[in-house]
Every structure is written in C-alpha cells, then in structure tokens.
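File shown: final.txt (compact mmCIF, C-alpha atoms).
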# COMPACT_ATOMS: atom_id res chain seq x y z
CA SER Q 1 -2.71 -0.71 17.69
CA GLN Q 2 -0.95 -3.70 16.19
CA GLN Q 3 -3.18 -6.08 14.24
CA GLY Q 4 -0.98 -9.07 15.00
CA GLU Q 5 0.44 -9.68 18.45
CA GLU Q 6 2.84 -12.54 19.08
CA ASP Q 7 3.19 -14.56 22.23
CA PRO Q 8 5.51 -15.16 24.00
CA GLN Q 9 7.79 -12.16 23.45
CA ALA Q 10 10.87 -14.32 23.98
CA LEU Q 11 11.50 -18.05 23.92
CA SER Q 12 14.64 -19.98 24.78
CA ILE Q 13 14.90 -23.70 24.05
CA GLN Q 14 17.48 -26.43 23.63
CA GLU Q 15 18.52 -27.62 20.19
CA GLY Q 16 16.31 -30.50 19.11
CA GLU Q 17 13.26 -29.28 21.00
CA ASN Q 18 10.13 -27.93 19.33
CA ALA Q 19 9.31 -24.22 19.41
CA THR Q 20 5.73 -22.99 19.38
CA MET Q 21 4.90 -19.34 18.79
CA ASN Q 22 1.46 -17.80 18.81
CA CYS Q 23 -0.12 -14.84 17.09
CA SER Q 24 -3.45 -13.19 17.78
CA TYR Q 25 -5.17 -10.58 15.66
CA LYS Q 26 -8.25 -8.40 15.90
CA THR Q 27 -10.05 -8.09 12.57
CA SER Q 28 -11.05 -10.38 9.70
CA ILE Q 29 -8.18 -11.34 7.45
CA ASN Q 30 -7.53 -12.57 3.92
CA ASN Q 31 -4.36 -14.35 4.93
CA LEU Q 32 -1.69 -14.53 7.60
CA GLN Q 33 2.03 -14.74 6.97
CA TRP Q 34 5.01 -15.62 9.13
CA TYR Q 35 8.44 -14.05 8.64
CA ARG Q 36 11.87 -14.59 10.19
CA GLN Q 37 14.46 -11.90 10.84
CA ASN Q 38 18.07 -12.70 11.61
CA SER Q 39 20.07 -10.08 13.49
CA GLY Q 40 21.03 -7.19 11.24
CA ARG Q 41 19.11 -8.52 8.26
CA GLY Q 42 15.77 -7.99 6.56
CA LEU Q 43 12.67 -10.10 7.09
CA VAL Q 44 12.40 -13.35 5.19
CA HIS Q 45 9.04 -14.84 4.29
CA LEU Q 46 8.44 -18.32 5.75
CA ILE Q 47 4.87 -19.32 5.04
CA LEU Q 48 1.47 -17.92 4.07
CA ILE Q 49 -1.83 -19.40 5.18
CA ARG Q 50 -5.10 -18.25 3.68
CA SER Q 51 -8.22 -17.59 5.72
CA ASN Q 52 -9.94 -20.72 4.35
CA GLU Q 53 -7.01 -22.96 5.35
CA ARG Q 54 -6.57 -24.49 8.80
CA GLU Q 55 -3.07 -25.95 8.62
CA LYS Q 56 -0.05 -25.73 6.38
CA HIS Q 57 3.36 -27.40 6.39
CA SER Q 58 6.71 -26.40 4.96
CA GLY Q 59 9.68 -28.55 5.92
CA ARG Q 60 10.07 -28.33 9.71
CA LEU Q 61 7.43 -25.60 9.92
CA ARG Q 62 3.78 -26.14 10.71
CA VAL Q 63 1.32 -23.26 10.80
CA THR Q 64 -2.24 -23.41 12.03
CA LEU Q 65 -4.97 -20.82 11.72
CA ASP Q 66 -8.13 -20.59 13.78
CA THR Q 67 -10.25 -17.77 12.37
CA SER Q 68 -12.94 -18.24 15.03
CA LYS Q 69 -10.35 -17.44 17.72
CA LYS Q 70 -8.46 -15.02 15.50
CA SER Q 71 -5.21 -16.79 16.23
CA SER Q 72 -2.37 -18.63 14.53
CA SER Q 73 0.53 -20.71 15.72
CA LEU Q 74 3.92 -21.45 14.21
CA LEU Q 75 5.60 -24.69 15.21
CA ILE Q 76 9.25 -25.33 14.42
CA THR Q 77 10.12 -28.97 14.98
CA ALA Q 78 13.56 -30.31 15.85
CA SER Q 79 14.98 -26.83 16.29
CA ARG Q 80 18.55 -25.95 15.34
CA ALA Q 81 20.87 -23.21 16.53
CA ALA Q 82 20.42 -21.63 13.10
CA ASP Q 83 16.72 -21.10 13.89
CA THR Q 84 17.77 -18.41 16.39
CA ALA Q 85 16.04 -15.28 15.10
CA SER Q 86 13.01 -13.04 15.58
CA TYR Q 87 9.72 -14.30 14.18
CA PHE Q 88 6.86 -12.07 13.08
CA CYS Q 89 3.31 -12.70 12.07
CA ALA Q 90 1.73 -10.37 9.54
CA THR Q 91 -1.91 -10.07 8.65
CA ASP Q 92 -3.53 -8.97 5.44
CA ALA Q 93 -6.82 -7.60 6.72
CA SER Q 94 -9.88 -7.88 4.53
CA GLY Q 95 -10.25 -4.73 2.49
CA ALA Q 96 -6.84 -3.50 3.58
CA ASN Q 97 -5.79 -2.87 0.00
CA SER Q 98 -2.59 -4.90 -0.05
CA LYS Q 99 -1.17 -3.74 3.26
CA LEU Q 100 0.38 -6.13 5.76
CA THR Q 101 0.36 -5.31 9.47
CA PHE Q 102 3.21 -6.85 11.45
CA GLY Q 103 3.35 -7.80 15.10
CA LYS Q 104 6.31 -6.84 17.30
CA GLY Q 105 7.89 -10.25 16.99
CA ILE Q 106 9.10 -13.15 19.11
CA THR Q 107 12.78 -13.58 19.88
CA LEU Q 108 13.70 -17.25 19.65
CA SER Q 109 17.01 -18.47 21.08
CA VAL Q 110 18.03 -22.06 20.38
CA ARG Q 111 20.86 -23.20 22.63
CA PRO Q 112 23.35 -25.66 21.07
CA ASP R 1 18.33 -13.60 -8.72
CA ALA R 2 19.26 -10.41 -6.93
CA GLY R 3 17.06 -9.53 -4.02
CA VAL R 4 15.91 -6.10 -2.91
CA ILE R 5 18.93 -3.84 -2.71
CA GLN R 6 19.09 -0.93 -0.29
CA SER R 7 21.74 1.72 0.13
CA PRO R 8 23.43 2.86 2.17
CA ARG R 9 23.51 0.08 4.79
CA HIS R 10 24.45 2.53 7.51
CA GLU R 11 24.05 6.29 7.73
CA VAL R 12 25.15 8.55 10.54
CA THR R 13 24.45 12.24 10.24
CA GLU R 14 23.72 15.28 12.33
CA MET R 15 20.25 16.57 12.95
CA GLY R 16 19.02 19.04 10.41
CA GLN R 17 20.77 17.31 7.52
CA GLU R 18 18.93 15.82 4.57
CA VAL R 19 18.96 12.03 4.38
CA THR R 20 18.21 10.02 1.26
CA LEU R 21 17.66 6.27 1.38
CA ARG R 22 17.60 4.24 -1.81
CA CYS R 23 15.95 1.03 -2.90
CA LYS R 24 16.06 -1.20 -5.96
CA PRO R 25 13.18 -3.69 -5.93
CA ILE R 26 13.21 -7.16 -7.46
CA SER R 27 12.70 -7.00 -11.21
CA GLY R 28 9.10 -7.77 -12.16
CA HIS R 29 7.66 -6.81 -8.78
CA ASP R 30 5.10 -4.05 -9.06
CA TYR R 31 4.55 -3.30 -5.37
CA LEU R 32 7.14 -1.46 -3.30
CA PHE R 33 6.89 -0.80 0.43
CA TRP R 34 8.89 1.37 2.83
CA TYR R 35 8.94 0.37 6.51
CA ARG R 36 10.57 1.73 9.64
CA GLN R 37 11.60 -0.56 12.51
CA THR R 38 12.28 0.55 16.08
CA MET R 39 12.31 -1.31 19.38
CA MET R 40 9.46 0.78 20.72
CA ARG R 41 7.08 0.73 17.78
CA GLY R 42 8.10 -2.41 15.89
CA LEU R 43 7.76 -2.49 12.12
CA GLU R 44 5.66 0.34 10.72
CA LEU R 45 4.53 0.75 7.13
CA LEU R 46 5.36 4.25 5.93
CA ILE R 47 4.20 4.22 2.31
CA TYR R 48 3.68 1.84 -0.58
CA PHE R 49 3.60 2.09 -4.34
CA ASN R 50 1.89 0.09 -7.04
CA ASN R 51 3.29 0.42 -10.56
CA ASN R 52 5.34 3.43 -9.39
CA VAL R 53 2.26 5.26 -8.08
CA PRO R 54 1.95 6.01 -4.35
CA ILE R 55 -1.14 4.23 -3.06
CA ASP R 56 -1.11 4.83 0.68
CA ASP R 57 1.15 7.27 2.49
CA SER R 58 -0.86 7.40 5.71
CA GLY R 59 2.09 5.99 7.65
CA MET R 60 4.46 8.81 6.74
CA PRO R 61 5.02 10.51 10.09
CA GLU R 62 5.44 14.11 9.01
CA ASP R 63 5.94 16.39 6.06
CA ARG R 64 9.66 16.02 6.64
CA PHE R 65 9.35 12.58 5.05
CA SER R 66 8.85 12.12 1.32
CA ALA R 67 9.13 9.15 -1.04
CA LYS R 68 9.36 8.85 -4.79
CA MET R 69 9.44 6.08 -7.33
CA PRO R 70 10.53 7.59 -10.66
CA ASN R 71 10.66 4.19 -12.39
CA ALA R 72 10.04 0.51 -11.75
CA SER R 73 13.58 -0.16 -10.59
CA PHE R 74 14.25 2.67 -8.14
CA SER R 75 12.72 4.38 -5.15
CA THR R 76 13.93 6.93 -2.61
CA LEU R 77 12.85 7.87 0.89
CA LYS R 78 13.98 11.33 1.93
CA ILE R 79 13.99 12.98 5.33
CA GLN R 80 14.54 16.72 5.42
CA PRO R 81 15.37 18.02 7.95
CA SER R 82 16.34 14.96 9.97
CA GLU R 83 15.79 14.71 13.74
CA PRO R 84 17.22 12.32 16.38
CA ARG R 85 13.82 10.60 16.73
CA ASP R 86 14.11 9.50 13.10
CA SER R 87 16.87 7.09 14.14
CA ALA R 88 15.69 3.61 13.15
CA VAL R 89 16.23 0.84 10.63
CA TYR R 90 14.43 1.57 7.36
CA PHE R 91 13.43 -1.34 5.16
CA CYS R 92 12.29 -1.51 1.60
CA ALA R 93 10.28 -4.50 0.40
CA SER R 94 8.75 -5.54 -2.90
CA SER R 95 6.16 -8.04 -4.04
CA LYS R 96 4.36 -9.20 -7.13
CA THR R 97 0.85 -8.23 -8.18
CA THR R 98 -1.75 -8.26 -5.42
CA GLY R 99 0.75 -7.29 -2.73
CA GLY R 100 -1.26 -8.36 0.27
CA HIS R 101 -1.67 -11.87 -1.06
CA GLN R 102 1.92 -12.41 -1.98
CA PRO R 103 5.06 -12.68 0.15
CA GLN R 104 7.02 -9.51 0.54
CA HIS R 105 10.75 -9.60 -0.14
CA PHE R 106 12.78 -7.35 2.13
CA GLY R 107 16.13 -5.68 1.67
CA ASP R 108 18.64 -5.74 4.52
CA GLY R 109 17.72 -2.23 5.57
CA THR R 110 19.45 1.07 6.22
CA ARG R 111 20.43 1.68 9.84
CA LEU R 112 20.00 5.42 10.32
CA SER R 113 21.44 7.32 13.26
CA ILE R 114 20.71 11.01 13.66
CA LEU R 115 22.98 12.71 16.18

In structure tokens, write the structure found in this file.
Amino acid sequence: SQQGEEDPQALSIQEGENATMNCSYKTSINNLQWYRQNSGRGLVHLILIRSNEREKHSGRLRVTLDTSKKSSSLLITASRAADTASYFCATDASGANSKLTFGKGITLSVRP
Amino acid sequence: DAGVIQSPRHEVTEMGQEVTLRCKPISGHDYLFWYRQTMMRGLELLIYFNNNVPIDDSGMPEDRFSAKMPNASFSTLKIQPSEPRDSAVYFCASSKTTGGHQPQHFGDGTRLSIL
C-alpha cells in the first residue's frame, strides 16, 4: 500500500485563493518531500521537511509536519494559474535505505 | 546545468518487441532511480542504483524487465518481450549522496505504448 496518501484527490480554486493539500502516512519517517508535476513533464522537487521540523517556508509555499498524527500539509498562498499541476508527497521511511515512496497525487486546478 | 535526460520521449511498439529506455543522470549524482507511472498504480519505484551498483530491484515487476548502469552517466531499462500492460510513463531520477535525504531530480519521462 502507498506510504503517503494525499487528500483531496482533486482541488479547484480561483486565482488568488490559497490551496491546502494534505498528506498522511503510515510509518515513521526521516523526512517528507513535496513534488509538483506539470502535464507531460517529470516531477519537480518543491520542499523537504525533516522529521524534527514542524514548519518550513519557501516563497509562497508553507509545509507543516505533525509526526504524532503522521500527516503533513502543503499550503500555496495567493495561487496563480501557473500553479495548476499535480502535487505529490513522498516519504523517506526510517531504515528505508534511500527509497522514497510517493502518494498518488492531488490535481490542483487554478482558474484564472 | 543540464537536467536528467531521457530518451526516447515517446515509444510505440507492438507486443513482443524489445524496448530499451535510456537515461543520463545529472553529473555528480551517485543515485539513479527508475520509476513507472500509471493512473491505476501511481508512481512506482522499479529499481535504484548507487555508484552504478543496483541496490534494490524489488520493484521490478517480472524477469522481462532488466536495468543496467554501465557507467556513472548512463543507464538503461529494458523490457523483453514487451506486453500491453507495460504501457506507462517511465521516469528516471537522480540525486546526490544519501538519496533518501536529498531531492530527486526527474527527467521528463518516456511515454511507452505497447500495442
């Protein structure tokens, strides 16, 4: 089964609104990463948060991690049409020997 | 800097044919990963290498799949014989030392269609 599972599966918002995406996982992790995938392209790394961190910012992105609930959220503020993409969380499980396990992704549509 | 380069971008072939996918990782990266992406199963790790040595091939679906990394700048994923259920997008990714703790850099994938 997938280690990381995103929620919701699809999200449609208006440009300028904030988008919040959630990820839950099952086992202990070393870190959690978020990636974006534009249609027909490869995944692009957005942000990495380590298991001893609770919050991290990068530009319009804010990621939180709650290891007690085994969950993470990705917030994109002031969304733009160019943010339209699929977003994936990926977990590096403790002892997993460098492997990342990806969720099935969230499809975000930002309407102009 | 050049990113991860995959070829071909698209491949259409008939079942039973041999398919070879190619990947050039980012220079200086010593981890290389092969993934398969489908709507049904999402992104699955097939195999990964560290310093050209296969570390974990537990995701390779069958003996019809094989992967090699003859040097630090080239890897292949081969399917022989191919079947329609192998149709998917195949991605190659690379990362620096301690792969799980570093971002992975993905190529744009090979879209494979087996007729």

> Which of these, R:Ala72, R:Ala88, R:Ile55, R:Ala67, has the shortest distance to R:Trp34 once you count only C-alpha atoms?
Replying inline: R:Ala67

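Ranking R:Phe91, R:His101, R:Glu11, R:Leu77 by their shortest atom-to-atom distance to Q:Leu100, with all atoms listed in the file included, puts R:His101 first.
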
>> Using all atoms listed in the file and a cut-off of 10 Å, which residues of chain R sit close to chain Q? Please list them as a PyMOL selection string.
In response: chain R and resi 4+31+33+37-45+47-48+50+55-56+89-93+97-111

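One distance worth recording is that between atom CA of Q:Lys56 and atom CA of Q:Gly4, which is 18.8 Å.
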
Might you pull out every residue within 9 Å of R:Asn51, with all atoms listed in the file counted and same-chain residues fewer than 5 positions away left off, and present them as a compact mmCIF listing (two decimals) with C-alpha atoms, in the coordinates of the input?
# COMPACT_ATOMS: atom_id res chain seq x y z
CA HIS R 29 7.66 -6.81 -8.78
CA ASP R 30 5.10 -4.05 -9.06
CA TYR R 31 4.55 -3.30 -5.37
CA LEU R 32 7.14 -1.46 -3.30
CA MET R 69 9.44 6.08 -7.33
CA ASN R 71 10.66 4.19 -12.39
CA ALA R 72 10.04 0.51 -11.75

>> One number please: atom CA of Q:Tyr87 to atom CA of Q:Glu5, in Å, one decimal.
In response: 11.2 Å

> Mind pulling up the distance from atom CA of R:Pro70 to atom CA of R:Gln17?
Replying inline: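 Computed distance, atom CA of R:Gln17 to atom CA of R:Pro70, equals 23.0 Å.
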
Working from the structure I just supplied, which lacks atoms in stretch 23-38 of chain Q, can you model N, CA, C and O atoms there and output them as a PDB file, in the frame of the given file?
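As a result, result.pdb now contains:
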ATOM      1  N   CYS Q  23       0.210 -16.164  17.602  1.00  0.00           N
ATOM      2  CA  CYS Q  23      -0.120 -14.840  17.090  1.00  0.00           C
ATOM      3  C   CYS Q  23      -1.628 -14.646  17.212  1.00  0.00           C
ATOM      4  O   CYS Q  23      -2.398 -15.535  16.820  1.00  0.00           O
ATOM      5  N   SER Q  24      -2.037 -13.512  17.748  1.00  0.00           N
ATOM      6  CA  SER Q  24      -3.450 -13.190  17.780  1.00  0.00           C
ATOM      7  C   SER Q  24      -3.684 -11.891  17.013  1.00  0.00           C
ATOM      8  O   SER Q  24      -2.795 -11.045  16.935  1.00  0.00           O
ATOM      9  N   TYR Q  25      -4.863 -11.778  16.438  1.00  0.00           N
ATOM     10  CA  TYR Q  25      -5.170 -10.580  15.660  1.00  0.00           C
ATOM     11  C   TYR Q  25      -6.609 -10.166  15.941  1.00  0.00           C
ATOM     12  O   TYR Q  25      -7.362 -10.894  16.599  1.00  0.00           O
ATOM     13  N   LYS Q  26      -6.982  -8.990  15.451  1.00  0.00           N
ATOM     14  CA  LYS Q  26      -8.250  -8.400  15.900  1.00  0.00           C
ATOM     15  C   LYS Q  26      -9.366  -8.421  14.854  1.00  0.00           C
ATOM     16  O   LYS Q  26     -10.538  -8.569  15.192  1.00  0.00           O
ATOM     17  N   THR Q  27      -9.006  -8.229  13.572  1.00  0.00           N
ATOM     18  CA  THR Q  27     -10.050  -8.090  12.570  1.00  0.00           C
ATOM     19  C   THR Q  27     -10.024  -9.256  11.580  1.00  0.00           C
ATOM     20  O   THR Q  27      -9.099 -10.062  11.584  1.00  0.00           O
ATOM     21  N   SER Q  28     -11.012  -9.332  10.724  1.00  0.00           N
ATOM     22  CA  SER Q  28     -11.050 -10.380   9.700  1.00  0.00           C
ATOM     23  C   SER Q  28      -9.862 -10.241   8.768  1.00  0.00           C
ATOM     24  O   SER Q  28      -9.420  -9.127   8.463  1.00  0.00           O
ATOM     25  N   ILE Q  29      -9.368 -11.375   8.305  1.00  0.00           N
ATOM     26  CA  ILE Q  29      -8.180 -11.340   7.450  1.00  0.00           C
ATOM     27  C   ILE Q  29      -8.399 -12.134   6.165  1.00  0.00           C
ATOM     28  O   ILE Q  29      -9.253 -13.009   6.093  1.00  0.00           O
ATOM     29  N   ASN Q  30      -7.588 -11.781   5.148  1.00  0.00           N
ATOM     30  CA  ASN Q  30      -7.530 -12.570   3.920  1.00  0.00           C
ATOM     31  C   ASN Q  30      -6.509 -13.693   4.077  1.00  0.00           C
ATOM     32  O   ASN Q  30      -6.721 -14.801   3.622  1.00  0.00           O
ATOM     33  N   ASN Q  31      -5.376 -13.352   4.675  1.00  0.00           N
ATOM     34  CA  ASN Q  31      -4.360 -14.350   4.930  1.00  0.00           C
ATOM     35  C   ASN Q  31      -3.456 -13.901   6.068  1.00  0.00           C
ATOM     36  O   ASN Q  31      -3.535 -12.749   6.518  1.00  0.00           O
ATOM     37  N   LEU Q  32      -2.644 -14.818   6.531  1.00  0.00           N
ATOM     38  CA  LEU Q  32      -1.690 -14.530   7.600  1.00  0.00           C
ATOM     39  C   LEU Q  32      -0.353 -15.094   7.159  1.00  0.00           C
ATOM     40  O   LEU Q  32      -0.286 -16.196   6.606  1.00  0.00           O
ATOM     41  N   GLN Q  33       0.696 -14.321   7.394  1.00  0.00           N
ATOM     42  CA  GLN Q  33       2.030 -14.740   6.970  1.00  0.00           C
ATOM     43  C   GLN Q  33       2.970 -14.737   8.178  1.00  0.00           C
ATOM     44  O   GLN Q  33       2.799 -13.942   9.100  1.00  0.00           O
ATOM     45  N   TRP Q  34       3.951 -15.603   8.134  1.00  0.00           N
ATOM     46  CA  TRP Q  34       5.010 -15.620   9.130  1.00  0.00           C
ATOM     47  C   TRP Q  34       6.339 -15.295   8.450  1.00  0.00           C
ATOM     48  O   TRP Q  34       6.615 -15.790   7.352  1.00  0.00           O
ATOM     49  N   TYR Q  35       7.133 -14.467   9.143  1.00  0.00           N
ATOM     50  CA  TYR Q  35       8.440 -14.050   8.640  1.00  0.00           C
ATOM     51  C   TYR Q  35       9.477 -14.298   9.728  1.00  0.00           C
ATOM     52  O   TYR Q  35       9.181 -14.296  10.927  1.00  0.00           O
ATOM     53  N   ARG Q  36      10.726 -14.471   9.290  1.00  0.00           N
ATOM     54  CA  ARG Q  36      11.870 -14.590  10.190  1.00  0.00           C
ATOM     55  C   ARG Q  36      12.832 -13.447   9.917  1.00  0.00           C
ATOM     56  O   ARG Q  36      13.004 -13.018   8.782  1.00  0.00           O
ATOM     57  N   GLN Q  37      13.446 -12.946  10.988  1.00  0.00           N
ATOM     58  CA  GLN Q  37      14.460 -11.900  10.840  1.00  0.00           C
ATOM     59  C   GLN Q  37      15.688 -12.273  11.638  1.00  0.00           C
ATOM     60  O   GLN Q  37      15.628 -12.379  12.867  1.00  0.00           O
ATOM     61  N   ASN Q  38      16.793 -12.487  10.948  1.00  0.00           N
ATOM     62  CA  ASN Q  38      18.070 -12.700  11.610  1.00  0.00           C
ATOM     63  C   ASN Q  38      18.665 -11.336  11.975  1.00  0.00           C
ATOM     64  O   ASN Q  38      18.369 -10.327  11.331  1.00  0.00           O
TER      65      ASN Q  38
END
